[in-house]
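> If you scroll down you'll find the structure; I have some questions about it.
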Amino acid sequence: MFLIILIMTLLLPNTAPAQTQKEQGVVTIQILYRGTVPPPAVIKVTRDVDVCGISMPMQSLIVHSSSRGVKDAVVTIEGIPAPDTEHAPPAPMVLSNSRCAFSPHVLPLRTGAALEIHNQDPVMHNTHVTNEVRTFINVAMVAKARPVVKKVEKPGLYRVQCDAHKFMRGYVLAAEHPYFGVTDEHGHTRILNVPAGNHEISVWHEQLGPLQAHVTVPANGDVTVTLEYPEDRAHHGDRTNK
């Protein structure tokens with residue numbers, strides 16, 4: 001009897017992680033918009049025209065012509081804490097001033113991650129990042145300057161702009177867990193290792209605004225969710241500016 005108990009004790013630590021792994025799933029999300037896409041606004045450039053050009057098109061809403069997928073929508077599965085197994089700090093994320101634009105335009109990252117700001121242009125940029133009304137970082141980036149690094153501790157939406165080139169803007173979204181993604185040019189994103197069960201999905205897009213849905217994640221399986229914005233959303237403008 002003692003031998004049986006000893007064998008079970010030795011086996012239990014090895015089987016528990018396997019059971020936990022089976023209780024996770026993969027969520028594939030596609031975000032669609034079938035309405036009319038407004039033409040881009042064209043901003044006249046008055047500074048560094050030899051690098052930035054004489055005008056800059058501003059297109060907040062990018063919709064794939066055939067799939068109708070929305071690019072740069074941030075998808076988050078809400079209400080899930082970060083895994084207990086995480087010990088290493090989140091990987092640094094790079095935000096570049098490139099060709100007089102921020103790249104990527106929408107950058108998702110984990111709280112605790114370092115934000116690395118680069119300038120790849122031969123002109124000076126001023127990267128100004130704010131969270132709500134507070135400045136997170138405001139730094140002049142001369143040509144060929146070393147990256148400026150600052151850790152992001154607070155979750156939420158951060159607005160990015162260049163005070164030297166007013167047409168430059170972007171966004172950083174910080175989350176406290178890894179269950180988020182940004183849609184590609186077809187409107188798709190995949191979120192891995194999501195705990196099985198019922199969850200709420202939140203979507204954010206800079207022009208189309210918020211969208212919400214429910215998902216049931218199967219244990220050790222995949223689920224696909226397709227969400228569609230109403231056709232009138234594109235005419236509401238940049239909701240982060242209001």
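Residue numbering restarts at 1 for every chain of the structure tokens, chains are lettered A, B, ... in their displayed order, and ligands are numbered from 1 as they appear.
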DSSP says strand (DSSP E or B) for which residues of region 107-154 of chain A? Put them as a PDB file with C-alpha atoms, in the first residue's frame?

ATOM      1  CA  LEU A 107       1.714  48.514 -31.284  1.00  0.00           C
ATOM      2  CA  PRO A 108       0.347  46.106 -28.639  1.00  0.00           C
ATOM      3  CA  LEU A 109       2.585  45.134 -25.733  1.00  0.00           C
ATOM      4  CA  ARG A 110       2.550  43.649 -22.251  1.00  0.00           C
ATOM      5  CA  ALA A 114      10.316  47.961 -22.481  1.00  0.00           C
ATOM      6  CA  LEU A 115       9.238  50.309 -25.261  1.00  0.00           C
ATOM      7  CA  GLU A 116      12.188  50.998 -27.583  1.00  0.00           C
ATOM      8  CA  ILE A 117      11.831  54.152 -29.680  1.00  0.00           C
ATOM      9  CA  HIS A 118      13.988  54.376 -32.815  1.00  0.00           C
ATOM     10  CA  ASN A 119      14.516  57.033 -35.475  1.00  0.00           C
ATOM     11  CA  HIS A 125      11.506  63.609 -34.862  1.00  0.00           C
ATOM     12  CA  ASN A 126       9.959  64.325 -31.497  1.00  0.00           C
ATOM     13  CA  THR A 127       8.170  61.235 -30.158  1.00  0.00           C
ATOM     14  CA  HIS A 128       5.515  62.269 -27.669  1.00  0.00           C
ATOM     15  CA  VAL A 129       3.581  59.427 -25.972  1.00  0.00           C
ATOM     16  CA  THR A 130       0.629  60.188 -23.710  1.00  0.00           C
ATOM     17  CA  ASN A 131      -1.708  58.066 -21.599  1.00  0.00           C
ATOM     18  CA  ARG A 134      -0.461  62.493 -18.878  1.00  0.00           C
ATOM     19  CA  THR A 135       2.798  62.440 -20.794  1.00  0.00           C
ATOM     20  CA  PHE A 136       4.466  59.032 -20.652  1.00  0.00           C
ATOM     21  CA  ILE A 137       7.534  60.094 -22.623  1.00  0.00           C
ATOM     22  CA  ASN A 138       8.451  63.134 -24.728  1.00  0.00           C
ATOM     23  CA  VAL A 139      11.814  62.883 -26.392  1.00  0.00           C
ATOM     24  CA  ALA A 140      13.604  64.472 -29.355  1.00  0.00           C
ATOM     25  CA  MET A 141      15.042  61.841 -31.682  1.00  0.00           C
ATOM     26  CA  VAL A 148      15.290  55.585 -26.195  1.00  0.00           C
ATOM     27  CA  VAL A 149      13.965  52.884 -23.869  1.00  0.00           C
ATOM     28  CA  LYS A 150      11.282  53.149 -21.192  1.00  0.00           C
ATOM     29  CA  LYS A 151       9.299  50.428 -19.435  1.00  0.00           C
TER      30      LYS A 151
END
> Which residue is closest to Gly197 (chain A)? Choose from A:Ala113, A:Val51, A:Ile31, A:Val215 and count only C-alpha atoms.
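Smallest distance to Gly197 (chain A) is found for A:Val215.
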> Got a sec: who's within 9 Å of Val37 (chain A), counting only C-alpha atoms, leaving out chain neighbours fewer than 6 positions off, as a list of chain:residue names?
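Using only C-alpha atoms, the neighbours found are A:Leu61, A:Ile62, A:Val63, A:Ala234, A:His235.
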> Nearest to Pro83 (chain A): which of A:Asp222, A:Asp232, A:Glu176, A:Glu200 is it, counting only C-alpha atoms?
A:Glu176
> Name all residues at most 8 Å from Asn198 (chain A) (count only C-alpha atoms; drop same-chain ones fewer than 3 positions away) and give them as a short mmCIF file (atom, residue, chain, number, x, y, z; two decimals) with N, CA and C atoms, in the first residue's frame.

data_model
loop_
_atom_site.label_atom_id
_atom_site.label_comp_id
_atom_site.auth_asym_id
_atom_site.auth_seq_id
_atom_site.Cartn_x
_atom_site.Cartn_y
_atom_site.Cartn_z
N HIS A 214 -18.92 37.53 -27.36
CA HIS A 214 -18.70 36.43 -26.41
C HIS A 214 -18.07 35.26 -27.16
N VAL A 215 -17.20 34.54 -26.47
CA VAL A 215 -16.59 33.34 -27.06
C VAL A 215 -16.52 32.24 -26.02
N THR A 216 -16.77 31.02 -26.46
CA THR A 216 -16.57 29.84 -25.62
C THR A 216 -15.37 29.08 -26.16
N VAL A 217 -14.30 29.02 -25.38
CA VAL A 217 -13.05 28.41 -25.81
C VAL A 217 -13.06 26.94 -25.40
#
> Could you state the separation of CA of Ile29 (chain A) and CA of Ala101 (chain A) in Å, given to one decimal place?
27.3 Å
> If you count only C-alpha atoms, which residues fall within 10 Å of Ser60 (chain A), apart from same-chain ones fewer than 6 positions away, as an MDAnalysis selection string?
chainID A and resid 37:41 71:72 105 170 205:208 234 237:238
> Keeping only N, CA and C atoms, write those residues as an mmCIF file, in the first residue's frame.

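So the final result, stored in selection-v2.cif, reads:
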data_model
loop_
_atom_site.group_PDB
_atom_site.id
_atom_site.type_symbol
_atom_site.label_atom_id
_atom_site.label_comp_id
_atom_site.auth_asym_id
_atom_site.auth_seq_id
_atom_site.Cartn_x
_atom_site.Cartn_y
_atom_site.Cartn_z
ATOM 1 N N VAL A 37 -15.657 52.816 -47.341
ATOM 2 C CA VAL A 37 -14.449 53.327 -46.686
ATOM 3 C C VAL A 37 -14.194 54.755 -47.157
ATOM 4 N N PRO A 38 -14.157 55.727 -46.254
ATOM 5 C CA PRO A 38 -13.908 57.111 -46.665
ATOM 6 C C PRO A 38 -12.520 57.250 -47.295
ATOM 7 N N PRO A 39 -12.355 58.126 -48.258
ATOM 8 C CA PRO A 39 -11.028 58.352 -48.848
ATOM 9 C C PRO A 39 -10.092 58.967 -47.815
ATOM 10 N N PRO A 40 -8.803 58.754 -47.984
ATOM 11 C CA PRO A 40 -7.863 59.309 -47.008
ATOM 12 C C PRO A 40 -7.808 60.831 -47.078
ATOM 13 N N ALA A 41 -7.619 61.428 -45.914
ATOM 14 C CA ALA A 41 -7.357 62.864 -45.878
ATOM 15 C C ALA A 41 -5.909 63.101 -46.310
ATOM 16 N N LYS A 71 -7.737 46.063 -40.970
ATOM 17 C CA LYS A 71 -6.358 46.016 -40.481
ATOM 18 C C LYS A 71 -6.197 46.879 -39.226
ATOM 19 N N ASP A 72 -5.309 46.446 -38.342
ATOM 20 C CA ASP A 72 -4.914 47.213 -37.152
ATOM 21 C C ASP A 72 -6.033 47.367 -36.124
ATOM 22 N N HIS A 105 1.925 51.131 -36.854
ATOM 23 C CA HIS A 105 0.962 52.194 -36.548
ATOM 24 C C HIS A 105 0.257 51.922 -35.218
ATOM 25 N N GLY A 170 0.282 57.522 -33.922
ATOM 26 C CA GLY A 170 0.179 56.079 -33.773
ATOM 27 C C GLY A 170 -0.377 55.764 -32.393
ATOM 28 N N HIS A 205 -10.648 49.856 -32.496
ATOM 29 C CA HIS A 205 -10.069 50.389 -33.728
ATOM 30 C C HIS A 205 -10.121 51.904 -33.650
ATOM 31 N N GLU A 206 -9.083 52.565 -34.126
ATOM 32 C CA GLU A 206 -8.977 54.007 -33.921
ATOM 33 C C GLU A 206 -10.100 54.801 -34.576
ATOM 34 N N GLN A 207 -10.668 54.321 -35.662
ATOM 35 C CA GLN A 207 -11.764 55.039 -36.304
ATOM 36 C C GLN A 207 -13.119 54.374 -36.072
ATOM 37 N N LEU A 208 -13.159 53.052 -36.083
ATOM 38 C CA LEU A 208 -14.424 52.339 -35.934
ATOM 39 C C LEU A 208 -14.871 52.220 -34.483
ATOM 40 N N ALA A 234 -17.645 54.109 -39.847
ATOM 41 C CA ALA A 234 -16.497 54.785 -40.480
ATOM 42 C C ALA A 234 -16.669 56.301 -40.504
ATOM 43 N N GLY A 237 -15.322 59.196 -37.347
ATOM 44 C CA GLY A 237 -14.029 59.845 -37.189
ATOM 45 C C GLY A 237 -13.172 59.158 -36.142
ATOM 46 N N ASP A 238 -12.051 59.784 -35.845
ATOM 47 C CA ASP A 238 -11.091 59.271 -34.875
ATOM 48 C C ASP A 238 -11.643 59.450 -33.477
#
> Nearest to Thr76 (chain A): which of A:Val27, A:Asn220, A:Glu185, A:Glu231 is it, counting only C-alpha atoms?
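Smallest distance to Thr76 (chain A) is found for A:Val27.
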> For Lys144 (chain A), list every protein, DNA or RNA residue within 8 Å, evaluated using only C-alpha atoms, and leave out those in the same chain fewer than 3 positions away; present the list as a list in words.
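Skipping anything fewer than 3 positions along the chain leaves Asn119, Gln120, Asp121 and Pro122 of chain A.
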> Name the residues in contact with Leu173 (chain A) at a cut-off of 10 Å, using only C-alpha atoms, excluding same-chain residues fewer than 3 positions from it; report them as a short mmCIF file (atom, residue, chain, number, x, y, z; two decimals) with C-alpha atoms, in the first residue's frame.

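Result file selection_14.cif:
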data_model
loop_
_atom_site.label_atom_id
_atom_site.label_comp_id
_atom_site.auth_asym_id
_atom_site.auth_seq_id
_atom_site.Cartn_x
_atom_site.Cartn_y
_atom_site.Cartn_z
CA VAL A 74 -6.75 45.32 -31.43
CA VAL A 106 -0.66 50.24 -33.70
CA LEU A 107 1.71 48.51 -31.28
CA PRO A 108 0.35 46.11 -28.64
CA LEU A 109 2.58 45.13 -25.73
CA ARG A 110 2.55 43.65 -22.25
CA THR A 111 2.79 45.79 -19.15
CA ASN A 131 -1.71 58.07 -21.60
CA VAL A 152 5.50 50.52 -19.74
CA LYS A 154 0.36 50.96 -16.72
CA PRO A 155 -2.22 49.17 -18.92
CA GLY A 156 -4.33 51.13 -21.34
CA LEU A 157 -4.25 53.13 -24.56
CA TYR A 158 -1.27 55.38 -25.29
CA ARG A 159 -1.40 57.97 -28.06
CA PHE A 180 -4.48 39.88 -27.28
CA TRP A 204 -10.69 48.51 -30.50
#
> Which residue is closest to Tyr229 (chain A)? Choose from A:Ala73, A:Ala88, A:Ala82, A:Leu95 and count only C-alpha atoms.
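Smallest distance to Tyr229 (chain A) is found for A:Ala73.
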> One decimal, Å: what's the distance from CA of Pro178 (chain A) over to CA of Asp84 (chain A), could you say?
12.0 Å
> Rank nothing, just name the residue among A:Ala164, A:Ala174, A:Pro195, A:His64 nearest to Thr36 (chain A), using only C-alpha atoms.
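Comparing A:Ala164, A:Ala174, A:Pro195, A:His64 against Thr36 (chain A), the winner is A:His64.
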> For Met58 (chain A), which of A:Ala175, A:Asn193, A:Lys44, A:Gln24 is the closest residue, counting only C-alpha atoms?
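Checking each of A:Ala175, A:Asn193, A:Lys44, A:Gln24 against Met58 (chain A), counting only C-alpha atoms, the winner is A:Lys44.
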